[in-house]
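Trainee: Here it is: the structure, laid out below.
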Amino acid sequence: MRDYYILSVDSLVDSFSMIDAAKEFVLSVSARNGNETLSRFKAGDQVLVYRRQPVGRVNVLLEARGLALGRFLFAKKLEVAGGVQALEVSAEDLEQADVIPIAESVFLDIYRRMVSGVLPEGPLQRDEAAERLTGGDNILLYGVPGVGKSYEIRQKYCDDPNRIVRVVFHPDYTYSDFVGQILPILSGDRLTYDFVPGPFTNVLEKAYSCPDKEIYLLIEEINRGNAPAIFGELFQLLDRKSEDGGYASEKWGESEYGVVNYDIARIVYEDERQEIRIPSNMWILATMNTSDQNVFPLDTAFQRRWNMQHIKNDIMGAGHAHEKIQGSEIEWGAFAMTVNGLVTDRGRDMAGSEDKRLGAYFVRRSQLAADKFPEKVLKYLWDDAFRMDRETVFQDRFRSLEDVIETYEKTDEDKLEAVLQRDVFRKMRSFMQEETGDGGASGRADGRA
Amino acid sequence: MKIVQLIKKLNNTELGKGGTHDYYVLVPAELDISDIFPAPDVPVRFTDKHTFERVVARNTVSREKRIVGLGQYYRAKGLSAGDEIAFEKRAWPGHEEYYVSVKHNRDALVFQKYAHGFEILAPERLPVFRMAAEEALQKVEILSLRTEKKRRDSPEATEFYDIRIDGVSILDAYAAKGIGEIRIEGGKVRRSEFYGWKKYVFQEEEFG
């Protein structure tokens, strides 16, 4: 007979997300008092994992598999984003005890709420007999933050939310999250296990079923997750048929090689024996910020399968480059170009410093206002880009961001001149003079033309 | 894949607030950290899980075992006694990643018992806790008892308190130098032990 438990772990323990679904793993927990909390489990027990406050949620279901060679084995049966509260269990127990036995009815209540969020998306109008569009590709757009990558995607590729599915990679994102995983499904009082598709499988199925539409999978921040591991064997599908390979035009964009994956094939083709391929009307778009925030550098083999598209940080080409920052004579373009020059100079010996540069659209036109600009831009420079050497940009007298913002807001003089180092401010002014070539900037200091 | 996660609650001494200005994690004798820090004085490069900033730490072994190199990181995170730091190693055959993260317990009151009463270890959080306590279903009182130097040679005097829940002092519930933690959750007062450290190890089956 199986028993039901809640395993309460510290809120910082997010490692269950790294474990592949259905794969067995050993778990051990030790603490100051030497307590081994897992000894009471036996094979078949169902264990909900609760992460303590401030998370305060259950988001993982484990099945105990018993002892093997003196080690206790579990398998992850279900993981849901966000998780659910365990209202049926005393908050005291959840925060204090490591293992809490619960009744089957309590388990089923929590479990039902966990799976109720795992629902497929609404269908698109489908016409499987229509002629399939071709030319699908894998495009990786890269550049500094705020350069306009997402804007480029909307303008150039797709702005129809019914045809694009967006996922964001992060260090805990896994193959199971991306492709799908075997989850317990409750029908009546019976618990069965079935494959629940992830976003990749859903998009593949949608593209296969809607041949006359271009369907997009957008992966934001691809290099913040371990992309080769997340793609797994599907990595092979990224090689596409093209004219160069001697394929007929009606095949351009389809995967060159098929991969066997029974779970995906059953969802997409309703035939698990069929090799899966990305259809020619399916696009995979990805974005990444350059340099130092690359937690997972993309390997060459992976990169080779993408068409890389650099999004230029065209600050002076932005529509608001010549807009004055309210309360200062300095224009946004001159400000950003000067700051970026400082970032680059400062970071010659620091790998990836260019990622700290300001993108052309780091702020929108409306954010040049005196009450918004310091909160967004000066805060970024103080807290992030120049956190280690603030005096490069800000006057030495400032000891806190609060001082900077207060001075900026209260001064009757030029607001930027009041907070920036004198030579930085001069550089901005010179930049504008060189731009206009008239030896002086025009316009009112309050930013109104 | 193998994941080792080591979580440590920090105290004022480790945070450089004990008068020494040393910043470190004290490693208790019984805690094995060799699966994250393979040898003394070998720097390990961690990435903060949320901000992606890099932290280079190493362990030292002299009078006591410590993890050092954390001063700048502590300052950037604004940590107080009772906050937690987690070191994590993820290992695949031929590939390893190291992460660090912190948890602020801003709504908790952490205290330590001395002969004169409780010392509040993060007094800067006391006003926030008092506000939360006003909403509690039980009456929580934090009463100032006296201001004394902890030792004769202490540079400054320390304020000592009694903590009463529904009129009952909890002073006797703690041994000398014992550390406790209380927080208000859902209107209730929760007391918890200051557990010090925990270690979680996850290992997928096929990994060596």
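Starting from 1 in every chain, residues are counted up; chains themselves are A, B, ... following the order of the structure tokens, and ligands are numbered from 1 as listed.
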Counting only C-alpha atoms, what are the residues of chain A within 6 Å of chain B, and for each of them which pair of atoms is the nearest and at what distance in Å, to one decimal? Sort the table by chain and rising number, as JSON lines.
Mentor:
{"residue": "A:Glu24", "atom": "CA", "partner": "B:Glu205", "partner_atom": "CA", "distance": 5.8}
{"residue": "A:Phe25", "atom": "CA", "partner": "B:Glu204", "partner_atom": "CA", "distance": 4.1}
{"residue": "A:Val26", "atom": "CA", "partner": "B:Gln203", "partner_atom": "CA", "distance": 5.0}
{"residue": "A:Leu27", "atom": "CA", "partner": "B:Phe202", "partner_atom": "CA", "distance": 4.7}
{"residue": "A:Ser28", "atom": "CA", "partner": "B:Val201", "partner_atom": "CA", "distance": 5.2}
{"residue": "A:Val29", "atom": "CA", "partner": "B:Tyr200", "partner_atom": "CA", "distance": 4.6}
{"residue": "A:Ser30", "atom": "CA", "partner": "B:Lys199", "partner_atom": "CA", "distance": 5.2}
{"residue": "A:Ala31", "atom": "CA", "partner": "B:Lys198", "partner_atom": "CA", "distance": 4.3}
{"residue": "A:Arg32", "atom": "CA", "partner": "B:Trp197", "partner_atom": "CA", "distance": 5.7}
Trainee: Applying 7 Å and only C-alpha atoms, which residues near range 311-328 of chain A remain after dropping the ones on its own chain fewer than 3 positions away? List them as an NGL selection string.
Mentor: :A and (141-143 or 147 or 149 or 331-333 or 359-360 or 365 or 368-370 or 414-416 or 445-447)
Trainee: In Å to one decimal, how far is CA of Lys241 in chain A from CA of Val167 in chain A?
Mentor: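 A separation of 25.1 Å between them.
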Trainee: With a distance cut-off of 12 Å and only C-alpha atoms, select the neighbouring residues of Lys139 in chain B, excluding the residue or stretch itself and same-chain residues fewer than 5 positions from it, and output the selection as a list in words.
Mentor: Arg130, Ala132, Ala133, Glu134, Ile163, Arg164, Ile165, Asp166, Gly167, Val168, Ser169, Ile184, Gly187, Lys188 and Val189 of chain B
Trainee: Which residue, A:Val47, A:Arg273, A:Ala75, A:Trp252, has the smallest gap to Ile182 in chain A when you use only C-alpha atoms?
Mentor: A:Ala75
Trainee: From a backbone DSSP assignment, name each residue in range 167-203 of chain B labelled strand (DSSP E), as a compact mmCIF listing (two decimals) with C-alpha atoms, in the first residue's frame.
Mentor:
# COMPACT_ATOMS: atom_id res chain seq x y z
CA VAL B 168 4.55 34.51 28.24
CA SER B 169 8.28 35.08 28.00
CA ILE B 179 19.66 31.30 18.43
CA GLY B 180 15.98 31.53 17.59
CA GLU B 181 13.84 32.95 14.87
CA ILE B 182 10.22 34.09 14.86
CA ARG B 183 8.03 35.39 12.06
CA ILE B 184 4.39 36.25 11.56
CA GLU B 185 2.60 34.19 8.94
CA LYS B 188 0.17 33.50 13.53
CA VAL B 189 3.49 33.63 15.30
CA ARG B 190 5.85 30.94 14.03
CA ARG B 191 8.93 30.03 15.99
CA SER B 192 11.63 28.05 14.32
CA GLU B 193 14.98 26.66 15.17
CA TRP B 197 23.08 24.43 7.62
CA LYS B 198 21.51 21.86 5.29
CA LYS B 199 22.88 19.86 2.43
CA TYR B 200 20.91 18.34 -0.42
CA VAL B 201 22.40 15.91 -2.92
CA PHE B 202 20.59 14.89 -6.11
CA GLN B 203 22.16 12.26 -8.30
Trainee: Which polymer residues have any atom within 12 Å of an atom of Thr192 in chain A, counting only C-alpha atoms, with same-chain residues fewer than 5 positions away left out, as a short mmCIF file (atom, residue, chain, number, x, y, z; two decimals) with C-alpha atoms, in the first residue's frame?
Mentor:
data_model
loop_
_atom_site.label_atom_id
_atom_site.label_comp_id
_atom_site.auth_asym_id
_atom_site.auth_seq_id
_atom_site.Cartn_x
_atom_site.Cartn_y
_atom_site.Cartn_z
CA LYS A 77 6.41 12.37 -11.89
CA ILE A 182 5.14 11.98 -18.43
CA LEU A 183 2.69 13.17 -15.83
CA PRO A 184 0.08 11.52 -13.68
CA ILE A 185 -3.43 12.12 -14.99
CA LEU A 186 -6.45 11.61 -12.80
CA SER A 187 -9.49 10.11 -14.51
#
Trainee: Determine the nearest neighbour of Asp32 in chain B from the options B:Gln138, B:Asn59, B:Ser80, B:Gln112, counting only C-alpha atoms.
Mentor: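 The closest residue to Asp32 in chain B is B:Asn59.
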Trainee: Which value, in Å to one decimal, gives the distance between CA of Glu205 in chain A and CA of Ser249 in chain A?
Mentor: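 Here the two named atoms are 22.3 Å from each other.
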Trainee: For Ile164 in chain A, please output as an mmCIF file with C-alpha atoms, in the first residue's frame all residues within 10 Å (counting only C-alpha atoms; exclusion window: fewer than 2 positions along the same chain).
Mentor:
data_model
loop_
_atom_site.group_PDB
_atom_site.id
_atom_site.type_symbol
_atom_site.label_atom_id
_atom_site.label_comp_id
_atom_site.auth_asym_id
_atom_site.auth_seq_id
_atom_site.Cartn_x
_atom_site.Cartn_y
_atom_site.Cartn_z
ATOM 1 C CA TYR A 157 8.598 37.890 -38.604
ATOM 2 C CA CYS A 158 5.342 37.642 -36.728
ATOM 3 C CA ASP A 159 3.124 39.805 -34.564
ATOM 4 C CA ASP A 160 0.168 37.415 -34.539
ATOM 5 C CA PRO A 161 -0.106 35.885 -31.057
ATOM 6 C CA ASN A 162 -2.016 32.919 -32.505
ATOM 7 C CA ARG A 166 7.172 32.315 -26.672
ATOM 8 C CA VAL A 167 9.371 30.559 -24.128
ATOM 9 C CA VAL A 203 4.283 24.227 -31.767
ATOM 10 C CA GLU A 214 3.845 30.138 -40.745
ATOM 11 C CA ILE A 215 4.112 29.036 -37.131
ATOM 12 C CA TYR A 216 6.829 30.412 -34.864
ATOM 13 C CA LEU A 217 8.536 29.173 -31.745
ATOM 14 C CA LEU A 218 10.299 32.102 -30.081
ATOM 15 C CA MET A 282 7.770 26.180 -38.790
ATOM 16 C CA TRP A 283 10.269 28.840 -37.758
ATOM 17 C CA ILE A 284 12.376 28.834 -34.642
ATOM 18 C CA LEU A 285 13.458 32.293 -33.540
#
Trainee: Excluding Arg125 in chain B and its own-chain neighbours fewer than 4 positions away, which residues fall within 8 Å of it when counting only C-alpha atoms? Please give them as a list of chain:residue names.
Mentor: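 Here the qualifying residues turn out to be B:Arg106, B:Asp107, B:Ala108, B:Leu109, B:Phe129.
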Trainee: Neighbours of Ala385 in chain A within 6 Å (only C-alpha atoms; same-chain residues fewer than 2 positions away dropped), as an mmCIF file with N, CA and C atoms, in the first residue's frame?
Mentor:
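This went into part_36.cif:
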data_model
loop_
_atom_site.group_PDB
_atom_site.id
_atom_site.type_symbol
_atom_site.label_atom_id
_atom_site.label_comp_id
_atom_site.auth_asym_id
_atom_site.auth_seq_id
_atom_site.Cartn_x
_atom_site.Cartn_y
_atom_site.Cartn_z
ATOM 1 N N LYS A 356 26.872 45.521 -21.001
ATOM 2 C CA LYS A 356 26.368 46.534 -20.081
ATOM 3 C C LYS A 356 26.004 47.814 -20.818
ATOM 4 N N LEU A 381 22.781 52.533 -14.280
ATOM 5 C CA LEU A 381 24.216 52.826 -14.285
ATOM 6 C C LEU A 381 24.800 52.658 -12.886
ATOM 7 N N ARG A 387 28.528 49.592 -11.218
ATOM 8 C CA ARG A 387 28.401 49.310 -9.796
ATOM 9 C C ARG A 387 29.763 49.278 -9.093
#
Trainee: Hey, can you check how far CA of Leu298 in chain A sits from CA of Gly94 in chain B?
Mentor: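 Answer for the CA of Leu298 in chain A to CA of Gly94 in chain B separation: 16.3 Å.
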